[in-house]
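Student: This is the structure I want to talk about, given as C-alpha cells.
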Amino acid sequence: MSLDPRRVLIFKEVVTAGSISAGARVLGWTQPAVTQHIHALERSVGMPLILRHATGVQPTEAGRALLAHADAIFSHLEAADNELEEMRQCQTGTVHLAAFPSALATLIPRAMKRMTEVGSSVHVRLTEAEPDEAWTMLHDDKVDLAIVFTYRENTGSDVAEGFRRRRIATDPVALILPPNHPLASQPDLHLADLALEEWVAGCPRCREHLVRMARQAGFEPRISHETDDYLVVQSLVAQGLAVSVLPHIALDAFRRPDVVVRDGPELTGRTIEALYRPGAERIPSVALTLNALIGA
C-alpha cells in the first residue's frame with residue numbers, strides 16, 4: 001500500500017470541514033474532484049475512510065486512525081513551511097565561508113555585523129584558507145563561499161572554471177619601510193629606488209606579484225625572508241631587516257606604528273572576490289552574505 005500525502009491532506013480537510021462540499025470550498029476545488037481523490041485514497045487503503053450521511057461525513061475507525069497521522073503530516077508540513085519562510089526572509093540558515101587571513105580580520109566581521117543589523121539570524125561559519133585551498137574546499141562542497149584574491153597577472157580562471165565570481169573589493173598594495181630608512185620620506189618614491197634592498201615576501205601568489213612588479217621596474221628582488229603573516233612582515237621591517245609590500249587590507253587589520261607605509265605609482269593591487277557554485281546566489285542566506293560582503 002502506498003499513500004498519496006496530498007490525498008491524505010484532502011481527506012483531513014473534508015473531515016475537518018464536515019462534508020465533501022465544505023471541504024471542496026476550503027480547498028477551492030470542485031466537489032467531484034474532491035470525491036475522486038477520496039475514492040482513490042479509499043482504494044489505496046482497501047477500506048472505507050468516511051461514511052456519508054444527510055448532514056455530512058463521519059470518519060470510520062480506519063479514517064480516524066488515518067486522521068491522526070494526517071494531523072501529524074500537516075503539523076510537519078506547517079513547521080517546514082515556517083522554517084522555509086524564515087529562510088526566504090533571510091532570518092535563518094547557515095553559510096559556510098572560507099577566506100584568507102586578512103579578509104577574516106577585516107571584511108568578514110564587518111559583513112557579519114551588517115547582517116545582524118538588518119535582523120538576520122543567518123549563521124556564518126568561518127574557515128581560514130588561502131585562495132587555492134579555498135577553491136579546493138568549494139570544489140569539494142565543503143564551503144558555500146570562497147573569498148579569494150587575485151592579481152592582474154593571475155586571475156585563477158583555470159582553477160575557478162565552473163564557479164561564479166562576485167567582486168567584493170579592490171585592494172591596493174603599499175611599500176613598507178623601516179622608520180629610519182633613508183628613502184622613507186622621499187617625495188617621489190619608486191620601486192626601482194629599492195632595488196638593492198632585501199625583501200620579505202608573502203604567500204606564493206604574493207611573492208609572484210612582488211617579483212613581477214620588481215622585474216617591470218628593472219630589477220630582481222633579493223628575497224631574504226618568506227612569511228604569510230603580515231604581523232611578522234611588519235616586525236622584520238620595523239627592525240630594519242628588510243622592506244616589503246603589503247595589501248591595504250592587511251594594514252587595516254594591523255599596522256605597527258614603527259613602520260612607514262608608502263604608495264607608489266608602479267604598485268598594482270589585487271581584486272578580492274567571492275566564488276560560489278552557479279545558483280547559490282539565489283539561496284537567500286548566501287545572497288544576504290554576498291550583499292553584506294560587498295557593502296563591507
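Lettering and numbering for the C-alpha cells are positional, with chains as A, B, ... in the shown order, residues counted from 1 in each chain, and ligands counted from 1 in the shown order.
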What residues in region 114-210 of chain A get the DSSP label strand (DSSP E)? Please answer as number ranges by chain.

Tutor: A: 123-128, 145-151, 164-171, 173-177, 198-201

Student: Any chance you can output those residues with N, CA and C atoms as a PDB file, in the first residue's frame?

Tutor:
ATOM      1  N   HIS A 123      23.644  32.124  10.277  1.00  0.00           N
ATOM      2  CA  HIS A 123      24.895  31.787  10.949  1.00  0.00           C
ATOM      3  C   HIS A 123      25.989  31.603   9.901  1.00  0.00           C
ATOM      4  N   VAL A 124      27.061  32.353  10.026  1.00  0.00           N
ATOM      5  CA  VAL A 124      28.192  32.248   9.103  1.00  0.00           C
ATOM      6  C   VAL A 124      29.306  31.471   9.792  1.00  0.00           C
ATOM      7  N   ARG A 125      29.669  30.340   9.221  1.00  0.00           N
ATOM      8  CA  ARG A 125      30.760  29.513   9.752  1.00  0.00           C
ATOM      9  C   ARG A 125      32.029  29.812   8.959  1.00  0.00           C
ATOM     10  N   LEU A 126      33.096  30.153   9.663  1.00  0.00           N
ATOM     11  CA  LEU A 126      34.323  30.637   9.025  1.00  0.00           C
ATOM     12  C   LEU A 126      35.427  29.584   9.066  1.00  0.00           C
ATOM     13  N   THR A 127      36.166  29.519   7.962  1.00  0.00           N
ATOM     14  CA  THR A 127      37.363  28.687   7.880  1.00  0.00           C
ATOM     15  C   THR A 127      38.456  29.508   7.216  1.00  0.00           C
ATOM     16  N   GLU A 128      39.638  29.523   7.825  1.00  0.00           N
ATOM     17  CA  GLU A 128      40.769  30.237   7.233  1.00  0.00           C
ATOM     18  C   GLU A 128      41.378  29.393   6.127  1.00  0.00           C
ATOM     19  N   LEU A 145      30.864  29.557   0.102  1.00  0.00           N
ATOM     20  CA  LEU A 145      31.526  30.719  -0.484  1.00  0.00           C
ATOM     21  C   LEU A 145      33.021  30.628  -0.239  1.00  0.00           C
ATOM     22  N   ALA A 146      33.798  30.959  -1.236  1.00  0.00           N
ATOM     23  CA  ALA A 146      35.248  31.064  -1.092  1.00  0.00           C
ATOM     24  C   ALA A 146      35.636  32.510  -1.374  1.00  0.00           C
ATOM     25  N   ILE A 147      36.201  33.166  -0.380  1.00  0.00           N
ATOM     26  CA  ILE A 147      36.651  34.550  -0.547  1.00  0.00           C
ATOM     27  C   ILE A 147      38.135  34.496  -0.891  1.00  0.00           C
ATOM     28  N   VAL A 148      38.473  34.954  -2.080  1.00  0.00           N
ATOM     29  CA  VAL A 148      39.835  34.818  -2.598  1.00  0.00           C
ATOM     30  C   VAL A 148      40.329  36.167  -3.097  1.00  0.00           C
ATOM     31  N   PHE A 149      41.607  36.217  -3.403  1.00  0.00           N
ATOM     32  CA  PHE A 149      42.151  37.405  -4.058  1.00  0.00           C
ATOM     33  C   PHE A 149      42.941  36.977  -5.280  1.00  0.00           C
ATOM     34  N   THR A 150      42.939  37.823  -6.281  1.00  0.00           N
ATOM     35  CA  THR A 150      43.700  37.578  -7.495  1.00  0.00           C
ATOM     36  C   THR A 150      44.415  38.856  -7.891  1.00  0.00           C
ATOM     37  N   TYR A 151      45.596  38.679  -8.452  1.00  0.00           N
ATOM     38  CA  TYR A 151      46.318  39.799  -9.028  1.00  0.00           C
ATOM     39  C   TYR A 151      46.058  39.827 -10.532  1.00  0.00           C
ATOM     40  N   ARG A 164      30.964  30.725 -10.162  1.00  0.00           N
ATOM     41  CA  ARG A 164      30.597  32.113 -10.396  1.00  0.00           C
ATOM     42  C   ARG A 164      31.480  33.011  -9.543  1.00  0.00           C
ATOM     43  N   ARG A 165      31.708  34.230 -10.038  1.00  0.00           N
ATOM     44  CA  ARG A 165      32.540  35.203  -9.321  1.00  0.00           C
ATOM     45  C   ARG A 165      31.716  36.436  -8.986  1.00  0.00           C
ATOM     46  N   ARG A 166      31.969  37.010  -7.834  1.00  0.00           N
ATOM     47  CA  ARG A 166      31.377  38.298  -7.474  1.00  0.00           C
ATOM     48  C   ARG A 166      32.494  39.156  -6.871  1.00  0.00           C
ATOM     49  N   ARG A 167      32.762  40.297  -7.502  1.00  0.00           N
ATOM     50  CA  ARG A 167      33.808  41.173  -6.985  1.00  0.00           C
ATOM     51  C   ARG A 167      33.355  41.776  -5.656  1.00  0.00           C
ATOM     52  N   ILE A 168      34.233  41.677  -4.677  1.00  0.00           N
ATOM     53  CA  ILE A 168      33.944  42.213  -3.346  1.00  0.00           C
ATOM     54  C   ILE A 168      34.593  43.582  -3.156  1.00  0.00           C
ATOM     55  N   ALA A 169      35.862  43.692  -3.527  1.00  0.00           N
ATOM     56  CA  ALA A 169      36.582  44.953  -3.313  1.00  0.00           C
ATOM     57  C   ALA A 169      37.878  44.933  -4.103  1.00  0.00           C
ATOM     58  N   THR A 170      38.442  46.113  -4.308  1.00  0.00           N
ATOM     59  CA  THR A 170      39.809  46.223  -4.808  1.00  0.00           C
ATOM     60  C   THR A 170      40.716  46.527  -3.621  1.00  0.00           C
ATOM     61  N   ASP A 171      41.926  46.016  -3.679  1.00  0.00           N
ATOM     62  CA  ASP A 171      42.836  46.105  -2.535  1.00  0.00           C
ATOM     63  C   ASP A 171      44.216  46.556  -3.007  1.00  0.00           C
ATOM     64  N   VAL A 173      48.166  47.777  -2.904  1.00  0.00           N
ATOM     65  CA  VAL A 173      49.305  47.374  -2.076  1.00  0.00           C
ATOM     66  C   VAL A 173      50.196  48.589  -1.848  1.00  0.00           C
ATOM     67  N   ALA A 174      50.968  48.530  -0.769  1.00  0.00           N
ATOM     68  CA  ALA A 174      51.833  49.658  -0.397  1.00  0.00           C
ATOM     69  C   ALA A 174      53.210  49.146  -0.006  1.00  0.00           C
ATOM     70  N   LEU A 175      54.189  50.013  -0.152  1.00  0.00           N
ATOM     71  CA  LEU A 175      55.556  49.716   0.306  1.00  0.00           C
ATOM     72  C   LEU A 175      55.623  49.866   1.821  1.00  0.00           C
ATOM     73  N   ILE A 176      56.368  48.968   2.467  1.00  0.00           N
ATOM     74  CA  ILE A 176      56.549  49.009   3.911  1.00  0.00           C
ATOM     75  C   ILE A 176      58.047  49.177   4.183  1.00  0.00           C
ATOM     76  N   LEU A 177      58.409  50.278   4.843  1.00  0.00           N
ATOM     77  CA  LEU A 177      59.808  50.612   5.082  1.00  0.00           C
ATOM     78  C   LEU A 177      60.072  50.791   6.576  1.00  0.00           C
ATOM     79  N   GLU A 198      66.969  44.190   0.746  1.00  0.00           N
ATOM     80  CA  GLU A 198      66.477  42.840   0.993  1.00  0.00           C
ATOM     81  C   GLU A 198      64.968  42.921   1.239  1.00  0.00           C
ATOM     82  N   TRP A 199      64.259  41.866   0.817  1.00  0.00           N
ATOM     83  CA  TRP A 199      62.805  41.898   0.831  1.00  0.00           C
ATOM     84  C   TRP A 199      62.210  40.765   1.664  1.00  0.00           C
ATOM     85  N   VAL A 200      61.026  41.037   2.191  1.00  0.00           N
ATOM     86  CA  VAL A 200      60.193  39.988   2.797  1.00  0.00           C
ATOM     87  C   VAL A 200      59.051  39.717   1.831  1.00  0.00           C
ATOM     88  N   ALA A 201      58.860  38.447   1.486  1.00  0.00           N
ATOM     89  CA  ALA A 201      57.768  38.080   0.577  1.00  0.00           C
ATOM     90  C   ALA A 201      56.732  37.259   1.330  1.00  0.00           C
TER      91      ALA A 201
END

Student: Can you list, as a list in words, every protein, DNA or RNA residue that comes within 7 Å of region 44-60 of chain A when you count only C-alpha atoms, leaving out same-chain residues fewer than 2 positions away?

Tutor: Met1, Ser2, Leu3, Val15, Gly18, Ser19, Ala40, Leu41, Glu42, Ala62, Gly63 and Arg64 of chain A

Student: Taking 4 positions as the minimum chain separation for residues in the same chain, which residues sit within 12 Å of Asp252 (chain A) when counting only C-alpha atoms? Answer as a ChimeraX atom specification.

Tutor: /A:102-107,171-174,230-231,246-248,256,261

Student: Keeping only N, CA and C atoms, write the selected residues as a short mmCIF file (atom, residue, chain, number, x, y, z; two decimals), in the first residue's frame.

Tutor:
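Writing done, so here's result.cif:
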data_model
loop_
_atom_site.label_atom_id
_atom_site.label_comp_id
_atom_site.auth_asym_id
_atom_site.auth_seq_id
_atom_site.Cartn_x
_atom_site.Cartn_y
_atom_site.Cartn_z
N SER A 102 43.67 38.02 6.20
CA SER A 102 43.39 39.45 6.35
C SER A 102 41.93 39.78 6.06
N ALA A 103 41.27 39.00 5.19
CA ALA A 103 39.84 39.19 4.98
C ALA A 103 39.06 38.77 6.22
N LEU A 104 39.50 37.68 6.85
CA LEU A 104 38.84 37.23 8.08
C LEU A 104 38.99 38.24 9.20
N ALA A 105 40.05 39.04 9.14
CA ALA A 105 40.27 40.03 10.19
C ALA A 105 39.58 41.35 9.93
N THR A 106 39.07 41.56 8.72
CA THR A 106 38.52 42.88 8.38
C THR A 106 37.15 42.77 7.70
N LEU A 107 37.13 42.34 6.45
CA LEU A 107 35.90 42.34 5.66
C LEU A 107 34.82 41.45 6.26
N ASP A 171 41.93 46.02 -3.68
CA ASP A 171 42.84 46.11 -2.54
C ASP A 171 44.22 46.56 -3.01
N PRO A 172 44.52 47.85 -2.91
CA PRO A 172 45.85 48.34 -3.32
C PRO A 172 46.94 47.75 -2.42
N VAL A 173 48.17 47.78 -2.90
CA VAL A 173 49.31 47.37 -2.08
C VAL A 173 50.20 48.59 -1.85
N ALA A 174 50.97 48.53 -0.77
CA ALA A 174 51.83 49.66 -0.40
C ALA A 174 53.21 49.15 -0.01
N TYR A 230 51.32 38.84 8.15
CA TYR A 230 51.61 40.25 7.93
C TYR A 230 52.11 40.93 9.21
N LEU A 231 51.87 40.34 10.38
CA LEU A 231 52.47 40.86 11.61
C LEU A 231 53.97 40.64 11.60
N LEU A 246 52.72 45.26 1.25
CA LEU A 246 51.56 44.63 1.88
C LEU A 246 50.28 45.23 1.32
N PRO A 247 49.25 44.42 1.19
CA PRO A 247 47.94 44.96 0.78
C PRO A 247 47.37 45.86 1.86
N HIS A 248 46.57 46.82 1.46
CA HIS A 248 45.96 47.74 2.42
C HIS A 248 45.07 47.02 3.43
N ARG A 256 51.72 48.34 12.48
CA ARG A 256 52.65 48.77 13.51
C ARG A 256 52.91 50.27 13.36
N VAL A 261 54.55 53.49 5.70
CA VAL A 261 53.73 52.96 4.61
C VAL A 261 53.69 53.98 3.49
#

Student: Show which residues sit within 12 Å of Leu241 (chain A), as a ChimeraX atom specification. Count only C-alpha atoms, and ignore same-chain residues fewer than 5 positions away.

Tutor: /A:176-181,197-200,223-225,232-236,259

Student: Using only C-alpha atoms, find the one residue out of A:His37, A:Arg277, A:Arg114, A:Arg152 that sits nearest to Thr289 (chain A).

Tutor: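 Once distances to Thr289 (chain A) are computed over only C-alpha atoms, the minimum belongs to A:Arg114.
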
Student: Using only C-alpha atoms, which of A:Ala217, A:Val143, A:Leu67, A:Ala98 sits nearest Ala280 (chain A)?

Tutor: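 Among A:Ala217, A:Val143, A:Leu67, A:Ala98, it is A:Val143 that comes nearest to Ala280 (chain A).
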
Student: May I ask which of the residues A:Ala24, A:Ile283, A:Ile73, A:Ile38 is the closest one to Phe11 (chain A), counting only C-alpha atoms?

Tutor: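 Comparing A:Ala24, A:Ile283, A:Ile73, A:Ile38 against Phe11 (chain A), the winner is A:Ile38.
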
Student: Between A:Cys203, A:Ala192, A:Met115, A:Leu183, single out the one closest to Ala292 (chain A), counting only C-alpha atoms.

Tutor: A:Met115

Student: What separation in Å, quoted to one decimal, exists between CA of Ala68 (chain A) and CA of Lys12 (chain A)?

Tutor: 9.2 Å

Student: Extract the full set of alpha helix (DSSP H) residues from region 43-250 of chain A according to DSSP on the backbone, and format it as an NGL selection string.

Tutor: :A and (43-45 or 61-88 or 101-105 or 107-117 or 131-139 or 204-216 or 230-238 or 248-250)

Student: Let's have the selection written as a PDB file, in the first residue's frame, with C-alpha atoms.

Tutor:
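Output file part_33.pdb follows:
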ATOM      1  CA  ARG A  43      -8.988   2.192  -2.884  1.00  0.00           C
ATOM      2  CA  SER A  44      -5.340   2.517  -1.876  1.00  0.00           C
ATOM      3  CA  VAL A  45      -6.075   1.550   1.756  1.00  0.00           C
ATOM      4  CA  GLU A  61     -12.317   3.613  12.519  1.00  0.00           C
ATOM      5  CA  ALA A  62      -9.731   3.417   9.744  1.00  0.00           C
ATOM      6  CA  GLY A  63     -10.490   7.021   8.884  1.00  0.00           C
ATOM      7  CA  ARG A  64      -9.904   8.141  12.464  1.00  0.00           C
ATOM      8  CA  ALA A  65      -6.569   6.298  12.534  1.00  0.00           C
ATOM      9  CA  LEU A  66      -5.515   7.943   9.284  1.00  0.00           C
ATOM     10  CA  LEU A  67      -6.725  11.317  10.514  1.00  0.00           C
ATOM     11  CA  ALA A  68      -4.302  11.159  13.446  1.00  0.00           C
ATOM     12  CA  HIS A  69      -1.439  10.647  11.002  1.00  0.00           C
ATOM     13  CA  ALA A  70      -2.826  13.358   8.730  1.00  0.00           C
ATOM     14  CA  ASP A  71      -2.699  15.790  11.640  1.00  0.00           C
ATOM     15  CA  ALA A  72       0.967  14.873  12.176  1.00  0.00           C
ATOM     16  CA  ILE A  73       1.712  15.281   8.455  1.00  0.00           C
ATOM     17  CA  PHE A  74       0.007  18.672   8.414  1.00  0.00           C
ATOM     18  CA  SER A  75       1.910  19.757  11.533  1.00  0.00           C
ATOM     19  CA  HIS A  76       5.245  18.751   9.989  1.00  0.00           C
ATOM     20  CA  LEU A  77       4.433  20.488   6.717  1.00  0.00           C
ATOM     21  CA  GLU A  78       3.375  23.626   8.561  1.00  0.00           C
ATOM     22  CA  ALA A  79       6.625  23.589  10.539  1.00  0.00           C
ATOM     23  CA  ALA A  80       8.577  23.069   7.315  1.00  0.00           C
ATOM     24  CA  ASP A  81       6.737  25.960   5.667  1.00  0.00           C
ATOM     25  CA  ASN A  82       7.504  28.236   8.621  1.00  0.00           C
ATOM     26  CA  GLU A  83      11.163  27.248   8.580  1.00  0.00           C
ATOM     27  CA  LEU A  84      11.438  27.802   4.831  1.00  0.00           C
ATOM     28  CA  GLU A  85       9.681  31.147   5.146  1.00  0.00           C
ATOM     29  CA  GLU A  86      12.255  32.223   7.719  1.00  0.00           C
ATOM     30  CA  MET A  87      14.957  31.187   5.252  1.00  0.00           C
ATOM     31  CA  ARG A  88      13.202  33.106   2.473  1.00  0.00           C
ATOM     32  CA  PRO A 101      43.504  35.711   6.989  1.00  0.00           C
ATOM     33  CA  SER A 102      43.388  39.452   6.346  1.00  0.00           C
ATOM     34  CA  ALA A 103      39.839  39.194   4.982  1.00  0.00           C
ATOM     35  CA  LEU A 104      38.841  37.230   8.075  1.00  0.00           C
ATOM     36  CA  ALA A 105      40.272  40.026  10.192  1.00  0.00           C
ATOM     37  CA  LEU A 107      35.900  42.339   5.657  1.00  0.00           C
ATOM     38  CA  ILE A 108      34.200  39.278   7.079  1.00  0.00           C
ATOM     39  CA  PRO A 109      33.477  40.588  10.611  1.00  0.00           C
ATOM     40  CA  ARG A 110      32.144  43.852   9.164  1.00  0.00           C
ATOM     41  CA  ALA A 111      29.848  41.922   6.822  1.00  0.00           C
ATOM     42  CA  MET A 112      28.604  39.727   9.670  1.00  0.00           C
ATOM     43  CA  LYS A 113      27.812  42.810  11.730  1.00  0.00           C
ATOM     44  CA  ARG A 114      25.835  44.287   8.829  1.00  0.00           C
ATOM     45  CA  MET A 115      23.803  41.076   8.668  1.00  0.00           C
ATOM     46  CA  THR A 116      22.881  41.256  12.351  1.00  0.00           C
ATOM     47  CA  GLU A 117      21.966  44.932  11.977  1.00  0.00           C
ATOM     48  CA  PRO A 131      42.870  31.144  -2.262  1.00  0.00           C
ATOM     49  CA  ASP A 132      43.969  27.802  -3.720  1.00  0.00           C
ATOM     50  CA  GLU A 133      42.800  25.928  -0.632  1.00  0.00           C
ATOM     51  CA  ALA A 134      39.511  27.849  -0.601  1.00  0.00           C
ATOM     52  CA  TRP A 135      38.909  26.935  -4.260  1.00  0.00           C
ATOM     53  CA  THR A 136      39.511  23.274  -3.405  1.00  0.00           C
ATOM     54  CA  MET A 137      37.098  23.438  -0.471  1.00  0.00           C
ATOM     55  CA  LEU A 138      34.449  24.983  -2.716  1.00  0.00           C
ATOM     56  CA  HIS A 139      35.019  22.340  -5.373  1.00  0.00           C
ATOM     57  CA  PRO A 204      53.396  32.171  -3.263  1.00  0.00           C
ATOM     58  CA  ARG A 205      50.790  34.285  -5.054  1.00  0.00           C
ATOM     59  CA  CYS A 206      52.016  37.452  -3.305  1.00  0.00           C
ATOM     60  CA  ARG A 207      55.660  36.557  -3.945  1.00  0.00           C
ATOM     61  CA  GLU A 208      54.943  36.140  -7.654  1.00  0.00           C
ATOM     62  CA  HIS A 209      53.289  39.547  -7.679  1.00  0.00           C
ATOM     63  CA  LEU A 210      56.267  41.186  -5.933  1.00  0.00           C
ATOM     64  CA  VAL A 211      58.739  39.599  -8.350  1.00  0.00           C
ATOM     65  CA  ARG A 212      56.659  40.672 -11.339  1.00  0.00           C
ATOM     66  CA  MET A 213      56.428  44.292 -10.167  1.00  0.00           C
ATOM     67  CA  ALA A 214      60.164  44.371  -9.426  1.00  0.00           C
ATOM     68  CA  ARG A 215      61.087  42.983 -12.837  1.00  0.00           C
ATOM     69  CA  GLN A 216      58.860  45.536 -14.520  1.00  0.00           C
ATOM     70  CA  TYR A 230      51.610  40.252   7.929  1.00  0.00           C
ATOM     71  CA  LEU A 231      52.468  40.864  11.606  1.00  0.00           C
ATOM     72  CA  VAL A 232      55.815  39.122  11.097  1.00  0.00           C
ATOM     73  CA  VAL A 233      56.412  41.087   7.892  1.00  0.00           C
ATOM     74  CA  GLN A 234      55.987  44.360   9.735  1.00  0.00           C
ATOM     75  CA  SER A 235      58.128  43.203  12.643  1.00  0.00           C
ATOM     76  CA  LEU A 236      61.019  42.336  10.318  1.00  0.00           C
ATOM     77  CA  VAL A 237      60.674  45.665   8.533  1.00  0.00           C
ATOM     78  CA  ALA A 238      60.433  47.625  11.798  1.00  0.00           C
ATOM     79  CA  HIS A 248      45.957  47.743   2.425  1.00  0.00           C
ATOM     80  CA  ILE A 249      43.519  45.250   3.893  1.00  0.00           C
ATOM     81  CA  ALA A 250      46.360  43.634   5.860  1.00  0.00           C
TER      82      ALA A 250
END
